[in-house]
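Structure file my_file-v3.txt (compact mmCIF, C-alpha atoms (C1' of nucleotides)) follows.
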```txt
# COMPACT_ATOMS: atom_id res chain seq x y z
CA MET A 1 76.18 -1.12 -0.64
CA ARG A 2 77.40 -0.35 -4.12
CA ASP A 3 77.47 3.28 -3.12
CA ARG A 4 79.23 2.49 0.10
CA LEU A 5 82.02 0.71 -1.75
CA VAL A 6 82.34 3.42 -4.37
CA ARG A 7 82.43 6.11 -1.71
CA ALA A 8 85.11 4.25 0.22
CA GLY A 9 87.08 3.97 -3.00
CA VAL A 10 86.71 7.65 -3.77
CA GLU A 11 87.96 8.46 -0.29
CA LEU A 12 90.96 6.21 -0.67
CA VAL A 13 91.79 7.66 -4.05
CA ALA A 14 91.54 11.16 -2.65
CA GLU A 15 93.87 10.26 0.20
CA GLY A 16 96.36 8.79 -2.22
CA GLY A 17 96.26 5.39 -0.54
CA THR A 18 96.25 2.00 -2.16
CA VAL A 19 92.99 1.28 -3.96
CA SER A 20 93.24 -2.47 -3.73
CA LEU A 21 90.05 -4.41 -3.59
CA ARG A 22 90.72 -5.52 -0.04
CA GLU A 23 91.65 -2.07 1.14
CA ILE A 24 88.41 -0.66 -0.22
CA ALA A 25 86.51 -3.46 1.48
CA ARG A 26 88.27 -2.73 4.77
CA ARG A 27 87.48 0.96 4.46
CA ALA A 28 83.86 0.13 3.76
CA GLY A 29 83.82 -2.16 6.77
CA VAL A 30 83.01 -5.37 4.95
CA SER A 31 84.89 -8.56 4.24
CA HIS A 32 87.24 -8.82 1.32
CA GLY A 33 84.85 -11.02 -0.59
CA ALA A 34 81.84 -8.77 -0.29
CA PRO A 35 82.55 -6.44 -3.23
CA ARG A 36 82.46 -9.39 -5.57
CA ARG A 37 78.70 -9.58 -5.15
CA TYR A 38 78.32 -6.15 -6.80
CA PHE A 39 81.48 -5.76 -8.83
CA PRO A 40 82.56 -9.06 -10.32
CA THR A 41 86.10 -7.81 -10.69
CA HIS A 42 88.43 -5.20 -9.32
CA VAL A 43 88.44 -3.42 -12.67
CA GLU A 44 84.69 -2.91 -12.51
CA LEU A 45 84.86 -1.37 -9.06
CA LEU A 46 87.66 0.93 -10.11
CA SER A 47 85.65 1.89 -13.17
CA ALA A 48 82.71 2.84 -11.00
CA ILE A 49 85.05 4.97 -8.90
CA ALA A 50 86.54 6.64 -11.95
CA ARG A 51 83.04 7.30 -13.21
CA GLU A 52 82.51 9.50 -10.17
CA GLY A 53 85.65 11.33 -11.16
CA PHE A 54 84.40 12.00 -14.66
CA ALA A 55 81.11 13.25 -13.31
CA SER A 56 82.97 15.51 -10.91
CA LEU A 57 85.17 16.83 -13.69
CA GLY A 58 82.10 17.43 -15.81
CA SER A 59 80.41 19.55 -13.16
CA CYS A 60 83.64 21.44 -12.53
CA LEU A 61 83.82 22.38 -16.19
CA ALA A 62 80.11 23.09 -16.39
CA ALA A 63 80.55 25.60 -13.58
CA VAL A 64 82.86 27.72 -15.70
CA PRO A 65 80.86 30.84 -16.66
CA ALA A 66 79.99 30.99 -20.34
CA GLU A 67 80.95 34.61 -20.78
CA GLY A 68 83.37 36.56 -22.90
CA SER A 69 85.01 35.75 -26.19
CA PRO A 70 85.50 32.15 -27.31
CA ARG A 71 89.20 32.62 -26.68
CA ALA A 72 88.57 33.77 -23.11
CA ARG A 73 86.16 30.91 -22.48
CA LEU A 74 88.67 28.41 -23.80
CA SER A 75 91.31 29.80 -21.51
CA ALA A 76 89.00 29.62 -18.52
CA LEU A 77 88.03 26.05 -19.40
CA ALA A 78 91.66 25.03 -19.75
CA HIS A 79 92.61 26.47 -16.40
CA ALA A 80 89.60 24.86 -14.76
CA TYR A 81 90.55 21.52 -16.29
CA VAL A 82 94.09 21.65 -15.01
CA GLU A 83 92.90 22.92 -11.66
CA PHE A 84 90.63 19.90 -11.31
CA ALA A 85 93.51 17.61 -12.15
CA THR A 86 95.89 19.15 -9.64
CA ALA A 87 93.23 19.29 -6.95
CA ASN A 88 92.25 15.64 -7.52
CA ARG A 89 95.51 14.12 -8.59
CA GLY A 90 94.85 10.56 -7.54
CA MET A 91 91.45 10.56 -9.17
CA TYR A 92 92.73 12.12 -12.38
CA GLU A 93 95.52 9.57 -12.60
CA LEU A 94 93.03 6.77 -12.10
CA MET A 95 90.64 8.20 -14.68
CA PHE A 96 93.17 7.74 -17.45
CA ARG A 97 94.72 4.45 -16.39
CA HIS A 98 93.16 2.50 -19.21
CA ASP A 99 94.89 -0.65 -18.02
CA LEU A 100 92.88 -0.51 -14.79
CA LEU A 101 89.51 0.48 -16.20
CA ARG A 102 86.77 -0.72 -18.50
CA SER A 103 86.07 2.25 -20.70
CA ASP A 104 82.54 1.09 -21.38
CA ARG A 105 81.73 1.41 -17.68
CA LEU A 106 82.75 5.03 -17.38
CA GLY A 107 79.72 6.77 -18.81
CA LEU A 108 81.80 8.83 -21.17
CA ARG A 109 79.01 9.31 -23.65
CA GLU A 110 77.04 11.18 -21.01
CA THR A 111 79.81 13.38 -19.64
CA SER A 112 82.87 13.68 -21.83
CA LEU A 113 81.54 13.69 -25.35
CA PRO A 114 79.15 16.65 -24.87
CA LEU A 115 82.01 18.60 -23.36
CA PHE A 116 84.19 17.59 -26.24
CA GLU A 117 81.69 18.93 -28.73
CA SER A 118 81.30 22.24 -27.00
CA LEU A 119 85.08 22.44 -26.97
CA ALA A 120 85.10 21.89 -30.71
CA ASP A 121 82.50 24.62 -31.19
CA LEU A 122 84.45 27.07 -29.08
CA LEU A 123 87.66 26.32 -30.93
CA ALA A 124 85.97 26.70 -34.28
CA ALA A 125 84.64 30.07 -33.18
CA ALA A 126 88.03 31.24 -31.95
CA ARG A 127 89.95 30.09 -34.99
CA PRO A 128 88.18 28.66 -38.02
CA THR A 129 89.53 25.27 -39.01
CA ALA A 130 88.70 22.49 -41.42
CA ALA A 131 88.31 19.77 -38.77
CA PRO A 132 86.98 21.09 -35.47
CA ALA A 133 86.95 17.63 -33.87
CA VAL A 134 90.62 17.12 -34.64
CA ALA A 135 91.44 20.59 -33.34
CA ALA A 136 89.52 19.88 -30.14
CA GLY A 137 91.26 16.56 -29.73
CA ALA A 138 94.65 18.14 -30.18
CA PHE A 139 93.83 20.88 -27.69
CA TRP A 140 92.53 18.50 -25.07
CA SER A 141 95.57 16.30 -25.61
CA ASN A 142 97.77 19.29 -24.98
CA LEU A 143 96.20 19.94 -21.59
CA HIS A 144 96.35 16.27 -20.69
CA GLY A 145 99.96 16.01 -21.75
CA ILE A 146 100.95 19.08 -19.79
CA ILE A 147 99.40 17.64 -16.66
CA GLN A 148 101.04 14.27 -17.07
CA LEU A 149 104.48 15.50 -17.95
CA TRP A 150 104.27 18.10 -15.24
CA TRP A 151 103.62 15.45 -12.65
CA TRP A 152 106.27 13.29 -14.21
CA GLY A 153 108.78 15.93 -13.22
CA SER A 154 110.77 16.65 -16.32
CA LEU A 155 108.61 19.53 -17.45
CA PRO A 156 109.03 21.66 -14.30
CA LEU A 157 112.72 20.84 -14.47
CA ALA A 158 113.00 22.10 -18.01
CA THR A 159 110.66 25.07 -17.88
CA GLY A 160 110.86 26.14 -14.26
CA PRO A 161 108.98 25.02 -11.18
CA ASP A 162 106.24 27.66 -11.43
CA SER A 163 105.48 27.50 -15.11
CA LEU A 164 102.30 25.46 -15.09
CA PRO A 165 100.00 28.44 -15.85
CA ALA A 166 102.44 29.61 -18.50
CA LEU A 167 102.31 26.19 -20.11
CA ILE A 168 98.53 26.25 -20.16
CA ASP A 169 98.54 29.75 -21.66
CA ALA A 170 100.99 28.58 -24.27
CA ALA A 171 98.67 25.74 -25.19
CA VAL A 172 95.65 28.04 -25.38
CA THR A 173 97.53 30.53 -27.52
CA ALA A 174 98.82 27.80 -29.80
CA HIS A 175 95.41 26.28 -30.42
CA ALA A 176 93.07 29.26 -30.11
CA GLY A 177 95.33 32.02 -31.34
CA PRO A 178 96.85 35.00 -29.53
CA SER A 179 94.66 36.95 -27.18
CA MET B 1 124.22 -10.30 -15.21
CA ARG B 2 122.81 -6.80 -14.91
CA ASP B 3 122.66 -6.70 -18.68
CA ARG B 4 121.05 -10.09 -18.82
CA LEU B 5 118.26 -8.98 -16.51
CA VAL B 6 117.73 -5.70 -18.33
CA ARG B 7 117.64 -7.46 -21.67
CA ALA B 8 115.12 -9.97 -20.40
CA GLY B 9 113.02 -7.08 -19.12
CA VAL B 10 113.21 -5.24 -22.43
CA GLU B 11 112.08 -8.38 -24.20
CA LEU B 12 109.15 -8.83 -21.84
CA VAL B 13 108.13 -5.22 -22.21
CA ALA B 14 108.31 -5.50 -25.99
CA GLU B 15 106.13 -8.60 -25.90
CA GLY B 16 103.59 -6.87 -23.73
CA GLY B 17 103.89 -9.46 -20.98
CA THR B 18 103.99 -8.92 -17.26
CA VAL B 19 107.19 -7.26 -16.14
CA SER B 20 107.09 -8.57 -12.62
CA LEU B 21 110.37 -9.12 -10.88
CA ARG B 22 109.86 -12.85 -10.81
CA GLU B 23 108.87 -13.04 -14.46
CA ILE B 24 112.00 -11.17 -15.48
CA ALA B 25 114.06 -13.52 -13.35
CA ARG B 26 112.41 -16.52 -14.99
CA ARG B 27 113.06 -15.11 -18.43
CA ALA B 28 116.67 -14.51 -17.51
CA GLY B 29 116.91 -18.07 -16.21
CA VAL B 30 117.78 -17.22 -12.62
CA SER B 31 115.99 -17.58 -9.32
CA HIS B 32 113.54 -14.96 -8.15
CA GLY B 33 115.94 -13.66 -5.55
CA ALA B 34 118.88 -13.15 -7.87
CA PRO B 35 117.96 -9.70 -9.23
CA ARG B 36 118.08 -8.31 -5.71
CA ARG B 37 121.86 -8.59 -5.74
CA TYR B 38 122.04 -6.00 -8.53
CA PHE B 39 118.77 -4.09 -8.25
CA PRO B 40 117.75 -3.68 -4.64
CA THR B 41 114.16 -3.13 -5.63
CA HIS B 42 111.78 -3.78 -8.48
CA VAL B 43 111.59 -0.07 -9.18
CA GLU B 44 115.32 0.12 -9.81
CA LEU B 45 115.21 -2.74 -12.29
CA LEU B 46 112.27 -1.19 -14.12
CA SER B 47 114.13 2.10 -14.19
CA ALA B 48 117.11 0.44 -15.81
CA ILE B 49 114.77 -1.05 -18.40
CA ALA B 50 113.10 2.28 -19.05
CA ARG B 51 116.52 3.85 -19.42
CA GLU B 52 117.06 1.61 -22.42
CA GLY B 53 113.82 2.94 -23.79
CA PHE B 54 114.90 6.55 -23.45
CA ALA B 55 118.19 5.77 -25.13
CA SER B 56 116.31 4.05 -27.93
CA LEU B 57 113.95 6.99 -28.32
CA GLY B 58 116.92 9.34 -28.37
CA SER B 59 118.60 7.50 -31.22
CA CYS B 60 115.32 7.30 -33.11
CA LEU B 61 114.97 11.06 -32.94
CA ALA B 62 118.64 11.64 -33.67
CA ALA B 63 118.19 9.65 -36.87
CA VAL B 64 115.71 12.19 -38.21
CA PRO B 65 117.52 14.11 -40.97
CA ALA B 66 118.28 17.72 -40.06
CA GLU B 67 117.17 19.15 -43.35
CA GLY B 68 114.58 21.63 -44.51
CA SER B 69 112.86 24.47 -42.71
CA PRO B 70 112.50 24.47 -38.94
CA ARG B 71 108.81 23.84 -39.45
CA ALA B 72 109.51 20.80 -41.61
CA ARG B 73 112.06 19.47 -39.16
CA LEU B 74 109.61 19.88 -36.29
CA SER B 75 106.99 17.98 -38.20
CA ALA B 76 109.43 15.19 -38.99
CA LEU B 77 110.49 15.01 -35.34
CA ALA B 78 106.91 14.89 -34.16
CA HIS B 79 106.00 12.07 -36.50
CA ALA B 80 109.14 10.16 -35.53
CA TYR B 81 108.28 10.60 -31.86
CA VAL B 82 104.78 9.26 -32.26
CA GLU B 83 106.04 6.50 -34.49
CA PHE B 84 108.44 5.37 -31.79
CA ALA B 85 105.64 5.37 -29.26
CA THR B 86 103.28 3.32 -31.39
CA ALA B 87 106.04 0.91 -32.41
CA ASN B 88 107.16 0.42 -28.80
CA ARG B 89 103.93 0.85 -26.94
CA GLY B 90 104.81 -1.16 -23.86
CA MET B 91 108.13 0.55 -23.47
CA TYR B 92 106.66 4.01 -23.98
CA GLU B 93 103.98 3.34 -21.40
CA LEU B 94 106.59 2.15 -18.95
CA MET B 95 108.82 5.16 -19.64
CA PHE B 96 106.21 7.54 -18.28
CA ARG B 97 104.86 5.47 -15.41
CA HIS B 98 106.39 7.67 -12.77
CA ASP B 99 104.83 5.54 -10.06
CA LEU B 100 106.94 2.60 -11.20
CA LEU B 101 110.22 4.40 -11.84
CA ARG B 102 112.91 6.37 -10.10
CA SER B 103 113.41 9.38 -12.31
CA ASP B 104 116.98 9.84 -11.09
CA ARG B 105 117.90 6.45 -12.52
CA LEU B 106 116.75 7.16 -16.04
CA GLY B 107 119.65 9.18 -17.36
CA LEU B 108 117.41 11.93 -18.58
CA ARG B 109 120.08 14.58 -18.39
CA GLU B 110 122.06 12.69 -21.01
CA THR B 111 119.26 11.86 -23.42
CA SER B 112 116.11 13.93 -22.99
CA LEU B 113 117.32 17.37 -22.01
CA PRO B 114 119.59 17.87 -25.05
CA LEU B 115 116.71 16.86 -27.28
CA PHE B 116 114.46 19.23 -25.38
CA GLU B 117 116.83 22.11 -25.99
CA SER B 118 117.14 21.44 -29.70
CA LEU B 119 113.36 21.31 -29.77
CA ALA B 120 113.24 24.73 -28.14
CA ASP B 121 115.71 26.10 -30.69
CA LEU B 122 113.71 24.72 -33.58
CA LEU B 123 110.49 26.13 -32.22
CA ALA B 124 112.04 29.52 -31.64
CA ALA B 125 113.28 29.52 -35.22
CA ALA B 126 109.89 28.52 -36.59
CA ARG B 127 107.91 30.99 -34.55
CA PRO B 128 109.63 33.58 -32.34
CA THR B 129 108.39 33.43 -28.77
CA ALA B 130 109.28 34.96 -25.44
CA ALA B 131 109.86 31.65 -23.64
CA PRO B 132 111.22 28.93 -25.90
CA ALA B 133 111.46 26.42 -23.09
CA VAL B 134 107.79 26.84 -22.26
CA ALA B 135 106.88 26.57 -25.92
CA ALA B 136 108.93 23.40 -26.25
CA GLY B 137 107.34 21.95 -23.14
CA ALA B 138 103.87 22.71 -24.43
CA PHE B 139 104.65 21.17 -27.79
CA TRP B 140 106.14 18.03 -26.34
CA SER B 141 103.18 17.76 -23.99
CA ASN B 142 100.89 17.93 -26.95
CA LEU B 143 102.53 14.96 -28.63
CA HIS B 144 102.58 13.01 -25.38
CA GLY B 145 98.95 13.80 -24.70
CA ILE B 146 97.88 12.78 -28.18
CA ILE B 147 99.61 9.43 -27.77
CA GLN B 148 98.10 8.77 -24.37
CA LEU B 149 94.58 9.82 -25.20
CA TRP B 150 94.76 8.00 -28.50
CA TRP B 151 95.60 4.79 -26.74
CA TRP B 152 93.01 5.53 -24.12
CA GLY B 153 90.42 5.24 -26.85
CA SER B 154 88.30 8.32 -26.58
CA LEU B 155 90.28 10.35 -29.08
CA PRO B 156 89.87 7.96 -32.01
CA LEU B 157 86.21 7.71 -31.06
CA ALA B 158 85.78 11.46 -31.21
CA THR B 159 87.99 12.29 -34.17
CA GLY B 160 87.84 9.12 -36.22
CA PRO B 161 89.89 5.94 -36.16
CA ASP B 162 92.50 7.07 -38.69
CA SER B 163 93.13 10.58 -37.48
CA LEU B 164 96.42 10.09 -35.64
CA PRO B 165 98.55 11.80 -38.33
CA ALA B 166 95.98 14.58 -38.57
CA LEU B 167 96.21 15.13 -34.83
CA ILE B 168 99.99 15.35 -35.01
CA ASP B 169 99.77 17.79 -37.89
CA ALA B 170 97.29 19.86 -35.93
CA ALA B 171 99.70 20.01 -33.02
CA VAL B 172 102.60 20.98 -35.24
CA THR B 173 100.55 23.68 -36.94
CA ALA B 174 99.32 25.00 -33.62
CA HIS B 175 102.77 25.30 -32.09
CA ALA B 176 104.99 25.97 -35.09
CA GLY B 177 102.58 27.86 -37.32
CA PRO B 178 100.98 26.93 -40.65
CA SER B 179 103.17 25.38 -43.27
C1' DC C 1 144.53 -26.17 3.88
C1' DT C 2 142.00 -22.61 5.79
C1' DT C 3 139.57 -18.35 5.57
C1' DG C 4 136.60 -15.08 3.77
C1' DT C 5 133.95 -12.88 0.41
C1' DC C 6 131.06 -12.84 -3.46
C1' DC C 7 126.84 -14.66 -5.67
C1' DG C 8 122.88 -17.26 -6.60
C1' DT C 9 119.23 -20.39 -4.41
C1' DA C 10 115.33 -21.33 -1.69
C1' DG C 11 112.11 -20.54 1.65
C1' DA C 12 109.37 -17.44 4.41
C1' DC C 13 106.22 -13.41 5.06
C1' DA C 14 102.64 -10.21 4.06
C1' DC C 15 99.94 -8.75 0.55
C1' DT C 16 97.11 -8.93 -3.74
C1' DG C 17 92.73 -10.58 -6.86
C1' DT C 18 89.86 -14.35 -7.67
C1' DC C 19 87.09 -18.36 -6.59
C1' DT C 20 84.13 -21.33 -3.66
C1' DA C 21 81.79 -23.30 0.29
C1' DC C 22 79.29 -21.95 4.06
C1' DG C 23 76.06 -19.65 7.32
C1' DT C 24 72.39 -16.29 8.20
C1' DC C 25 68.62 -13.50 7.51
C1' DC C 26 64.41 -12.25 5.26
C1' DC C 27 60.51 -12.69 2.32
C1' DG C 28 56.89 -15.00 -0.21
C1' DT C 29 54.11 -19.18 -0.40
C1' DG C 30 51.50 -23.17 1.22
C1' DC D 1 52.14 -19.94 11.36
C1' DA D 2 55.77 -23.01 9.35
C1' DC D 3 58.81 -23.63 5.67
C1' DG D 4 61.53 -23.44 1.50
C1' DG D 5 64.40 -20.57 -1.26
C1' DG D 6 67.02 -16.88 -2.59
C1' DA D 7 69.87 -12.92 -1.58
C1' DC D 8 73.91 -11.48 0.92
C1' DG D 9 78.05 -11.24 3.50
C1' DT D 10 81.90 -14.13 5.70
C1' DA D 11 85.90 -16.84 5.65
C1' DG D 12 89.13 -19.75 3.77
C1' DA D 13 91.87 -21.39 -0.11
C1' DC D 14 94.85 -20.65 -4.19
C1' DA D 15 98.26 -18.71 -7.21
C1' DG D 16 100.74 -14.82 -7.82
C1' DT D 17 103.55 -10.67 -6.33
C1' DG D 18 107.80 -7.88 -3.90
C1' DT D 19 110.80 -8.04 -0.19
C1' DC D 20 113.73 -10.11 3.31
C1' DT D 21 116.90 -13.62 5.24
C1' DA D 22 119.38 -17.85 5.97
C1' DC D 23 122.01 -20.95 3.51
C1' DG D 24 125.46 -23.36 0.27
C1' DG D 25 128.92 -23.40 -3.03
C1' DA D 26 132.66 -21.52 -5.83
C1' DC D 27 136.90 -19.18 -5.90
C1' DA D 28 140.83 -16.41 -4.69
C1' DA D 29 144.29 -14.82 -0.85
C1' DG D 30 147.04 -15.89 2.88
```
Representation of the structure as structure tokens:
Amino acid sequence: MRDRLVRAGVELVAEGGTVSLREIARRAGVSHGAPRRYFPTHVELLSAIAREGFASLGSCLAAVPAEGSPRARLSALAHAYVEFATANRGMYELMFRHDLLRSDRLGLRETSLPLFESLADLLAAARPTAAPAVAAGAFWSNLHGIIQLWWWGSLPLATGPDSLPALIDAAVTAHAGPS
Amino acid sequence: MRDRLVRAGVELVAEGGTVSLREIARRAGVSHGAPRRYFPTHVELLSAIAREGFASLGSCLAAVPAEGSPRARLSALAHAYVEFATANRGMYELMFRHDLLRSDRLGLRETSLPLFESLADLLAAARPTAAPAVAAGAFWSNLHGIIQLWWWGSLPLATGPDSLPALIDAAVTAHAGPS
DNA sequence: CTTGTCCGTAGACACTGTCTACGTCCCGTG
DNA sequence: CACGGGACGTAGACAGTGTCTACGGACAAG
């Protein structure tokens, strides 16, 4: 039943529909009060849905081949990250809506933090720095910001409608050095 | 009356309260149907409120002294930008909630795009590049992403609770070169 | 004085998340 | 086998939301 609700939610998110508690319940074919038995609040159900998203993102990034120079691997990771976001827009937007989620129900320690550390290692290998964690945070933030502002609409307006890859490359070059 | 509603909304946003249509109307001391006469929908009222935020951000950035090297000016701008965001968190969050706003009612052409172009000029002066607009977009995205992920909570967890200035400096160094 | 237009009020509607009372089924115990 | 109890899903209520519509009252023009 938990799974049924989460799956219905993931479907709704993927379709871009409303992810209200009642809509999820309808999709799952149960009454509007049923989810409460398993998720005491809407936030907890949404968090469980977003958790699927983080797991999915993690496997997407894990599927990137670990070949080539650190710089090349960083570039491939960055493009894979943005590709996941654009291919799963609703889910990505949900995943970072901290006002709708409980961060302690997302399982970040299991999925995100390991990725973050490998990112820091890769960055340190590409361009030695005093604080690899800070460098990794800044790099990740750059990708995240590009995605958000791109969707927001002002970035394509200012840099051209087809400049998303160029923006990613600019971020990679800025943080990992020229190719 | 328009102004009264917008001011009430700005107050509510600043206080972190709910910015529902009816709450704004209550704050303004009118009935819940009154705003409809001036803002046909909730989105339009929120857009007018966010417009104030963009104007405020614009004057904050315009107040940054135009002295020193391009690199130094970029750093000062970046810190001022993040300072505005942290000092006006509710407003900043609203300003980039594209699902709650109508971007054509925000007056971006008057406030943001000029700033964006001066950013591009500064960046081109600090570090020659083939596409200044792309570089400016990537840099702005970096600041935006740092703010969002910082608030989201995983960034301070990964890089330390006091590393916000270090993250900004890392972004500036990445995009504008070492000092 | 009458007419008409603006403007704010107030109620309705559908929807939301949360809470609670109520059946219904199933499983372990006497 | 009968029975009590707990787990589970339903259904209704409540306060809140955004939107829509009918209404009343002020105020200026003819």
inquiry  = Env of region 4-19 of chain C: 8 Å cut, atoms = only C-alpha atoms (C1' of nucleotides), seq-sep filter 2 positions within chain, self excluded. Answer as a PyMOL selection string.
reply    = (chain A and resi 20-21+42) or (chain B and resi 30-31+33-34+37) or (chain D and resi 17)
Counting all atoms listed in the file, give me one row per residue of chain D with an atom at most 9 Å from an atom of chain A, showing the shortest contact pair and its distance in Å to one decimal, sorted by chain then residue number, as a tab-separated table.
```
residue	atom	partner	partner_atom	distance
D:DC8	C1'	A:Arg37	CA	8.0
D:DG9	C1'	A:Ala34	CA	5.9
D:DT10	C1'	A:Ser31	CA	6.5
D:DA11	C1'	A:Ser31	CA	8.5
```
Output C-alpha atoms (C1' of nucleotides) for every residue in the selection just made, as a tab-separated table (two decimals), in the coordinates of the input.
```
chain	number	residue	atom	x	y	z
D	8	DC	C1'	73.91	-11.48	0.92
D	9	DG	C1'	78.05	-11.24	3.50
D	10	DT	C1'	81.90	-14.13	5.70
D	11	DA	C1'	85.90	-16.84	5.65
```
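Remark: for DT24 (chain C), the closest of the candidate residues D:DA7, D:DA15, D:DC20, D:DA28 is D:DA7 (distances computed over only C-alpha atoms (C1' of nucleotides)).
Note that C1' of DA21 (chain C) and C1' of DA13 (chain D) are 10.3 Å apart.
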request  = Please identify every residue of chain A that has at least one atom no more than 7 Å from any atom of chain B, counting only C-alpha atoms, and report them as an MDAnalysis selection string.
outcome  = chainID A and resid 98 133:135 137:138 141:142 144:146 149 152 155 158:159 167 170:171 174:175
task = For Ser69 (chain A), work out the shell of residues within 10 Å, counting all atoms listed in the file and skipping chain neighbours fewer than 6 positions away, then give it as a ChimeraX atom specification.
result = /A:75,122,125-126,179
File dump, residues just selected, C-alpha atoms, as a compact mmCIF listing (two decimals), keeping the file's coordinate frame:
```txt
# COMPACT_ATOMS: atom_id res chain seq x y z
CA SER A 75 91.31 29.80 -21.51
CA LEU A 122 84.45 27.07 -29.08
CA ALA A 125 84.64 30.07 -33.18
CA ALA A 126 88.03 31.24 -31.95
CA SER A 179 94.66 36.95 -27.18
```
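The gap separating CA of Ala48 (chain A) from CA of Leu12 (chain A) is 13.6 Å, in Å to one decimal.
With CA of Asn88 (chain B) on one side and CA of Ala72 (chain B) on the other, the separation reads 24.2 Å.
Minimum distance to DT3 (chain C) across D:DA29, D:DC1, D:DA22, D:DC14 (counting all atoms listed in the file) occurs at D:DA29.
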Close residues, Gly107 (chain B) itself excluded, 12 Å, all atoms listed in the file, min 4 positions apart in chain, as a list in words = Ser154 of chain A; Ser47, Ala48, Ile49, Ala50, Arg51, Glu52, Gly53, Phe54, Ala55, Gly58, Met95, Leu101, Arg102, Ser103, Thr111, Ser112, Leu113 and Pro114 of chain B
Surrounding residues of Gly90 (chain A) excluding itself and chain neighbours under 5 positions, 7 Å, all atoms listed in the file, as an NGL selection string = :A and (13-14 or 16)
Include C-alpha atoms and write out the residues we just selected as a short mmCIF file (atom, residue, chain, number, x, y, z; two decimals), keeping the file's coordinate frame.
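The resulting file, result.cif, is shown below:
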```
data_model
loop_
_atom_site.label_atom_id
_atom_site.label_comp_id
_atom_site.auth_asym_id
_atom_site.auth_seq_id
_atom_site.Cartn_x
_atom_site.Cartn_y
_atom_site.Cartn_z
CA VAL A 13 91.79 7.66 -4.05
CA ALA A 14 91.54 11.16 -2.65
CA GLY A 16 96.36 8.79 -2.22
#
```
request  = Mind checking which residues fall within 12 Å of DG6 (chain D), counting all atoms listed in the file, ignoring those fewer than 6 positions away in the same chain, and posting them as a list in words?
outcome  = DC25, DC26, DC27 and DG28 of chain C
